[in-house]
file query-v8.txt (compact mmCIF, C-alpha atoms)
# COMPACT_ATOMS: atom_id res chain seq x y z
CA MET A 1 -22.71 -5.30 -19.42
CA ASN A 2 -20.70 -2.33 -18.17
CA PRO A 3 -17.42 -3.08 -16.47
CA LYS A 4 -17.23 -3.12 -12.69
CA ARG A 5 -13.86 -1.64 -11.79
CA TYR A 6 -12.61 -2.47 -8.32
CA ILE A 7 -9.60 -0.78 -6.76
CA LEU A 8 -7.09 -2.51 -4.49
CA THR A 9 -5.39 0.04 -2.25
CA GLY A 10 -3.38 0.18 0.93
CA THR A 11 0.10 0.92 2.13
CA PRO A 12 3.21 -0.08 0.17
CA GLY A 13 4.14 -3.70 0.78
CA CYS A 14 0.71 -4.86 1.99
CA GLY A 15 0.30 -7.54 -0.68
CA LYS A 16 -1.78 -5.77 -3.32
CA THR A 17 0.32 -6.98 -6.22
CA ALA A 18 0.25 -10.61 -5.07
CA ILE A 19 -3.54 -10.41 -4.79
CA LEU A 20 -3.73 -8.79 -8.23
CA ARG A 21 -1.63 -11.60 -9.75
CA ALA A 22 -3.90 -14.22 -8.14
CA LEU A 23 -6.99 -12.44 -9.50
CA GLU A 24 -5.39 -12.36 -12.94
CA LEU A 25 -4.69 -16.10 -12.76
CA ALA A 26 -8.35 -16.57 -11.79
CA GLY A 27 -9.28 -14.97 -15.12
CA TYR A 28 -10.06 -11.38 -14.19
CA PRO A 29 -8.72 -8.44 -16.22
CA VAL A 30 -6.24 -6.50 -14.09
CA VAL A 31 -4.43 -3.18 -14.30
CA GLU A 32 -1.02 -2.86 -12.69
CA GLU A 33 0.10 -0.10 -10.38
CA ALA A 34 1.73 2.79 -12.29
CA ALA A 35 4.15 4.47 -9.85
CA THR A 36 6.57 1.54 -9.74
CA ASP A 37 6.78 1.50 -13.53
CA ILE A 38 7.37 5.27 -13.67
CA ILE A 39 10.13 4.91 -11.06
CA ALA A 40 11.77 2.11 -13.07
CA LEU A 41 11.56 4.15 -16.27
CA ARG A 42 13.04 7.26 -14.67
CA ASN A 43 15.78 5.17 -13.02
CA ALA A 44 16.65 3.71 -16.45
CA HIS A 45 17.11 7.32 -17.61
CA GLY A 46 19.45 8.07 -14.70
CA ILE A 47 16.86 9.83 -12.52
CA PHE A 48 17.12 8.04 -9.18
CA GLU A 49 14.70 10.09 -7.09
CA PRO A 50 11.82 10.86 -9.49
CA HIS A 51 9.46 11.38 -6.53
CA THR A 52 11.25 14.67 -5.75
CA ASN A 53 9.86 16.33 -8.88
CA PRO A 54 6.14 17.24 -8.95
CA VAL A 55 5.91 16.03 -12.59
CA PHE A 56 6.14 12.51 -11.07
CA ILE A 57 2.47 12.84 -10.07
CA ASP A 58 1.38 13.73 -13.61
CA ASP A 59 3.45 10.87 -15.05
CA ILE A 60 1.67 8.42 -12.75
CA THR A 61 -1.75 9.93 -13.48
CA ASN A 62 -1.21 9.80 -17.24
CA LEU A 63 -0.12 6.15 -17.12
CA GLN A 64 -3.13 5.27 -14.95
CA VAL A 65 -5.47 6.93 -17.45
CA HIS A 66 -3.78 5.15 -20.36
CA ARG A 67 -4.08 1.77 -18.66
CA GLN A 68 -7.70 2.31 -17.64
CA MET A 69 -8.64 3.39 -21.18
CA ARG A 70 -6.81 0.41 -22.68
CA ILE A 71 -9.40 -1.95 -21.15
CA ALA A 72 -12.32 0.50 -20.97
CA ASP A 73 -14.51 -1.68 -23.18
CA VAL A 74 -13.78 -4.98 -21.45
CA ALA A 75 -17.03 -6.10 -19.85
CA GLY A 76 -17.31 -7.71 -16.45
CA ILE A 77 -15.23 -7.30 -13.32
CA GLN A 78 -11.83 -5.58 -13.49
CA PHE A 79 -9.27 -5.04 -10.74
CA TYR A 80 -6.88 -2.10 -10.39
CA ASP A 81 -3.72 -2.00 -8.30
CA ARG A 82 -4.20 1.58 -7.13
CA SER A 83 -6.03 4.46 -8.79
CA PRO A 84 -5.74 8.23 -9.24
CA LEU A 85 -7.04 8.57 -5.68
CA CYS A 86 -3.86 6.82 -4.53
CA THR A 87 -1.94 9.32 -6.64
CA TYR A 88 -3.78 12.08 -4.79
CA ALA A 89 -2.71 10.48 -1.49
CA LEU A 90 0.87 10.30 -2.78
CA SER A 91 0.79 13.95 -3.80
CA VAL A 92 -0.41 14.89 -0.31
CA TRP A 93 2.24 12.64 1.27
CA LEU A 94 5.01 14.23 -0.81
CA GLY A 95 3.74 17.75 -0.06
CA PHE A 96 2.99 18.59 -3.70
CA PRO A 97 0.03 20.73 -4.73
CA ILE A 98 -2.66 18.83 -6.60
CA SER A 99 -1.81 19.28 -10.27
CA THR A 100 -4.31 20.21 -12.94
CA THR A 101 -3.74 16.82 -14.61
CA LEU A 102 -4.60 14.95 -11.41
CA ALA A 103 -7.53 17.25 -10.53
CA ASP A 104 -9.00 16.78 -14.02
CA GLU A 105 -8.67 13.01 -13.76
CA LEU A 106 -10.30 12.96 -10.34
CA GLN A 107 -13.21 14.95 -11.77
CA ARG A 108 -13.50 12.57 -14.74
CA ILE A 109 -13.59 9.45 -12.61
CA LYS A 110 -16.22 11.07 -10.39
CA ASN A 111 -18.39 12.30 -13.26
CA GLU A 112 -18.16 9.04 -15.21
CA ARG A 113 -18.31 6.81 -12.13
CA ILE A 114 -15.29 4.91 -13.40
CA TYR A 115 -14.66 2.88 -10.24
CA GLN A 116 -16.95 1.02 -7.88
CA ALA A 117 -17.75 2.97 -4.71
CA GLN A 118 -16.38 0.08 -2.66
CA VAL A 119 -12.59 -0.16 -2.54
CA PHE A 120 -10.64 -3.16 -1.29
CA PHE A 121 -8.40 -1.68 1.39
CA ILE A 122 -5.62 -4.20 1.83
CA GLU A 123 -4.31 -3.92 5.39
CA ASN A 124 -0.59 -3.98 6.16
CA LEU A 125 1.12 -7.26 6.95
CA GLY A 126 3.02 -5.97 9.98
CA PHE A 127 6.16 -5.19 8.01
CA CYS A 128 7.26 -3.39 4.85
CA ALA A 129 10.13 -4.95 2.89
CA PRO A 130 12.13 -2.37 0.95
CA THR A 131 12.60 -2.70 -2.82
CA ASP A 132 14.27 -0.54 -5.47
CA ALA A 133 11.00 1.39 -5.85
CA ARG A 134 9.73 1.10 -2.26
CA LYS A 135 12.05 2.89 0.13
CA ILE A 136 9.68 3.59 2.98
CA SER A 137 10.07 2.48 6.59
CA PHE A 138 7.36 0.39 8.20
CA GLU A 139 6.54 3.26 10.56
CA ASP A 140 6.10 5.67 7.65
CA SER A 141 4.11 3.07 5.72
CA LEU A 142 1.57 3.03 8.56
CA LYS A 143 1.23 6.82 8.33
CA PHE A 144 0.91 6.56 4.54
CA GLU A 145 -1.75 3.87 4.99
CA LYS A 146 -3.81 6.38 7.00
CA VAL A 147 -3.41 9.02 4.28
CA HIS A 148 -4.78 6.52 1.74
CA GLU A 149 -7.77 5.59 3.86
CA GLU A 150 -8.57 9.24 4.66
CA THR A 151 -8.29 10.12 0.96
CA TYR A 152 -10.70 7.43 -0.19
CA ARG A 153 -13.21 8.21 2.55
CA SER A 154 -13.02 11.96 1.83
CA PHE A 155 -13.90 11.26 -1.82
CA GLY A 156 -16.93 9.18 -0.74
CA TYR A 157 -15.56 5.67 -1.20
CA GLU A 158 -16.29 2.81 1.18
CA CYS A 159 -13.15 0.97 2.29
CA LEU A 160 -13.71 -2.77 2.51
CA ARG A 161 -10.92 -3.92 4.78
CA ILE A 162 -9.02 -7.04 3.79
CA ALA A 163 -7.25 -8.22 6.93
CA PRO A 164 -3.71 -9.60 7.03
CA SER A 165 -3.81 -13.28 6.23
CA ASP A 166 -2.42 -15.71 3.71
CA LEU A 167 -3.00 -14.96 0.03
CA ALA A 168 -5.71 -17.60 -0.42
CA ALA A 169 -7.78 -16.21 2.46
CA ARG A 170 -7.49 -12.64 1.21
CA LEU A 171 -8.42 -13.71 -2.31
CA GLU A 172 -11.42 -15.62 -1.01
CA GLN A 173 -12.61 -12.57 0.93
CA ILE A 174 -12.54 -10.45 -2.25
CA LYS A 175 -14.24 -13.15 -4.37
CA ARG A 176 -16.99 -13.55 -1.75
CA TYR A 177 -17.67 -9.83 -1.83
CA ILE A 178 -17.87 -9.56 -5.61
CA SER A 179 -20.09 -12.67 -5.80
CA ALA A 180 -22.46 -11.15 -3.25
CA SER A 181 -22.60 -7.82 -5.09
CA ASP A 182 -23.63 -9.29 -8.47
call {"tool": "encode", "arguments": {"input": "query-v8.txt", "output": "structure tokens"}}
result
Amino acid sequence: MNPKRYILTGTPGCGKTAILRALELAGYPVVEEAATDIIALRNAHGIFEPHTNPVFIDDITNLQVHRQMRIADVAGIQFYDRSPLCTYALSVWLGFPISTTLADELQRIKNERIYQAQVFFIENLGFCAPTDARKISFEDSLKFEKVHEETYRSFGYECLRIAPSDLAARLEQIKRYISASD
């Protein structure tokens, strides 16, 4: 059975990672978001604003590819905290041109139908708590949320909205969908 790869996307701070952890505890293979790890790595090397350099986009893309390939042969349902389409949205948000690395990966995921056409669009929780890696205001996070949704729709994906609620309710909404689609 070929893997079914579902993407969780949305604005920073909307609860994607908590949902991903709950899905992992429920037994699903998961792939973590890459940008936060690239930021932490660059910070450890003394680079405190890695997002100001366009190579940041390629670093994220390359880590996403590596992580997707690492579980490429795992059958069944997989969940991804973000995807290269989110990296595209980030590139647009930061005002960077779309790099060859990112463009090539977008073409590969389209040609090989890597991800399901339905994306879990995790809606914002009404606030955005800052972290070392997330330094965006709530107002800007709402604008960034729109960039994500527009990006996915422009690439032909269907955004399945997961409304703000407690973790259990959001998890149940996702599980119901994947059960119905089998």
call {"tool": "atom_distance", "arguments": {"input": "query-v8.txt", "atom1": "atom CA of A:Thr11", "atom2": "atom CA of A:Leu90"}}
result
10.6 Å
call {"tool": "closest_residue", "arguments": {"input": "query-v8.txt", "among": "A:Gly46, A:Pro12, A:Pro3, A:Gly76", "to": "A:Ser137", "atoms": "all atoms listed in the file"}}
result
A:Pro12
call {"tool": "atom_distance", "arguments": {"input": "query-v8.txt", "atom1": "atom CA of A:Glu172", "atom2": "atom CA of A:Arg82"}}
result
19.6 Å
call {"tool": "closest_residue", "arguments": {"input": "query-v8.txt", "among": "A:Thr101, A:Gln78, A:Thr151, A:Asn124", "to": "A:Pro164", "atoms": "only C-alpha atoms"}}
result
A:Asn124
call {"tool": "closest_atom_pairs", "arguments": {"input": "query-v8.txt", "of": "stretch 39-74 of chain A", "to": "stretch 110-118 of chain A", "cutoff": "12 Å", "atoms": "only C-alpha atoms", "output": "CSV"}}
result
residue,atom,partner,partner_atom,distance
A:Val65,CA,A:Ile114,CA,10.8
A:Gln68,CA,A:Ile114,CA,9.1
A:Met69,CA,A:Ile114,CA,10.3
A:Ile71,CA,A:Ile114,CA,11.9
A:Ala72,CA,A:Ile114,CA,9.3
A:Asp73,CA,A:Ile114,CA,11.8
call {"tool": "decode", "arguments": {"input": "query-v8.txt", "residues": "stretch 121-160 of chain A", "atoms": "N, CA and C atoms", "output": "short mmCIF file (atom, residue, chain, number, x, y, z; two decimals), in the first residue's frame"}}
result
data_model
loop_
_atom_site.label_atom_id
_atom_site.label_comp_id
_atom_site.auth_asym_id
_atom_site.auth_seq_id
_atom_site.Cartn_x
_atom_site.Cartn_y
_atom_site.Cartn_z
N PHE A 121 -5.73 22.44 7.07
CA PHE A 121 -5.41 23.84 7.30
C PHE A 121 -5.83 24.18 8.73
N ILE A 122 -4.85 24.22 9.61
CA ILE A 122 -5.11 24.44 11.02
C ILE A 122 -5.30 25.94 11.25
N GLU A 123 -6.50 26.32 11.66
CA GLU A 123 -6.82 27.74 11.83
C GLU A 123 -6.16 28.29 13.10
N ASN A 124 -5.90 29.59 13.08
CA ASN A 124 -5.26 30.26 14.22
C ASN A 124 -6.13 30.16 15.46
N LEU A 125 -5.46 30.28 16.61
CA LEU A 125 -6.13 30.15 17.91
C LEU A 125 -6.57 31.49 18.50
N GLY A 126 -6.36 32.58 17.74
CA GLY A 126 -6.73 33.89 18.25
C GLY A 126 -5.58 34.62 18.92
N PHE A 127 -4.41 33.99 18.89
CA PHE A 127 -3.20 34.61 19.44
C PHE A 127 -2.00 33.91 18.82
N CYS A 128 -0.83 34.49 19.00
CA CYS A 128 0.41 33.88 18.50
C CYS A 128 1.50 34.17 19.53
N ALA A 129 1.85 33.17 20.32
CA ALA A 129 2.86 33.34 21.36
C ALA A 129 4.25 33.31 20.73
N PRO A 130 5.06 34.31 21.01
CA PRO A 130 6.41 34.33 20.44
C PRO A 130 7.31 33.25 21.08
N THR A 131 8.25 32.76 20.28
CA THR A 131 9.27 31.82 20.75
C THR A 131 10.60 32.30 20.18
N ASP A 132 11.68 31.58 20.48
CA ASP A 132 12.97 31.94 19.91
C ASP A 132 12.94 31.91 18.39
N ALA A 133 12.19 30.96 17.81
CA ALA A 133 12.12 30.83 16.36
C ALA A 133 10.95 31.59 15.75
N ARG A 134 9.91 31.84 16.55
CA ARG A 134 8.70 32.48 16.04
C ARG A 134 8.63 33.90 16.61
N LYS A 135 8.98 34.85 15.77
CA LYS A 135 9.00 36.25 16.21
C LYS A 135 8.07 37.07 15.34
N ILE A 136 6.84 36.61 15.24
CA ILE A 136 5.86 37.27 14.39
C ILE A 136 4.70 37.75 15.27
N SER A 137 4.19 38.93 14.98
CA SER A 137 3.05 39.44 15.73
C SER A 137 1.79 38.68 15.32
N PHE A 138 0.77 38.73 16.16
CA PHE A 138 -0.48 38.07 15.81
C PHE A 138 -1.06 38.66 14.54
N GLU A 139 -1.00 39.97 14.40
CA GLU A 139 -1.53 40.64 13.20
C GLU A 139 -0.82 40.13 11.94
N ASP A 140 0.51 40.06 12.00
CA ASP A 140 1.25 39.55 10.85
C ASP A 140 0.99 38.06 10.63
N SER A 141 0.77 37.32 11.71
CA SER A 141 0.49 35.89 11.55
C SER A 141 -0.80 35.67 10.77
N LEU A 142 -1.79 36.57 10.96
CA LEU A 142 -3.03 36.45 10.19
C LEU A 142 -2.80 36.71 8.71
N LYS A 143 -1.93 37.67 8.39
CA LYS A 143 -1.58 37.93 7.00
C LYS A 143 -0.83 36.74 6.41
N PHE A 144 0.08 36.18 7.20
CA PHE A 144 0.87 35.02 6.76
C PHE A 144 -0.03 33.80 6.56
N GLU A 145 -1.06 33.68 7.40
CA GLU A 145 -2.03 32.60 7.26
C GLU A 145 -2.70 32.67 5.88
N LYS A 146 -3.06 33.89 5.47
CA LYS A 146 -3.68 34.08 4.16
C LYS A 146 -2.73 33.70 3.03
N VAL A 147 -1.46 34.05 3.17
CA VAL A 147 -0.46 33.68 2.15
C VAL A 147 -0.39 32.16 2.03
N HIS A 148 -0.42 31.46 3.16
CA HIS A 148 -0.39 29.99 3.11
C HIS A 148 -1.61 29.43 2.39
N GLU A 149 -2.78 29.90 2.76
CA GLU A 149 -3.99 29.38 2.14
C GLU A 149 -4.01 29.68 0.64
N GLU A 150 -3.65 30.89 0.26
CA GLU A 150 -3.60 31.26 -1.17
C GLU A 150 -2.59 30.39 -1.91
N THR A 151 -1.47 30.12 -1.29
CA THR A 151 -0.43 29.28 -1.92
C THR A 151 -0.97 27.89 -2.20
N TYR A 152 -1.53 27.26 -1.18
CA TYR A 152 -2.04 25.89 -1.37
C TYR A 152 -3.13 25.85 -2.42
N ARG A 153 -4.05 26.78 -2.36
CA ARG A 153 -5.14 26.79 -3.35
C ARG A 153 -4.60 27.03 -4.77
N SER A 154 -3.60 27.91 -4.90
CA SER A 154 -3.06 28.20 -6.23
C SER A 154 -2.33 26.99 -6.83
N PHE A 155 -1.86 26.09 -5.98
CA PHE A 155 -1.20 24.87 -6.46
C PHE A 155 -2.19 23.71 -6.58
N GLY A 156 -3.49 23.98 -6.39
CA GLY A 156 -4.52 22.98 -6.62
C GLY A 156 -4.87 22.10 -5.43
N TYR A 157 -4.46 22.49 -4.24
CA TYR A 157 -4.78 21.71 -3.05
C TYR A 157 -6.09 22.19 -2.44
N GLU A 158 -6.79 21.27 -1.81
CA GLU A 158 -8.02 21.59 -1.09
C GLU A 158 -7.67 21.76 0.38
N CYS A 159 -8.03 22.89 0.95
CA CYS A 159 -7.74 23.17 2.35
C CYS A 159 -8.92 22.71 3.21
N LEU A 160 -8.68 21.70 4.02
CA LEU A 160 -9.68 21.22 4.96
C LEU A 160 -9.46 21.96 6.27
#
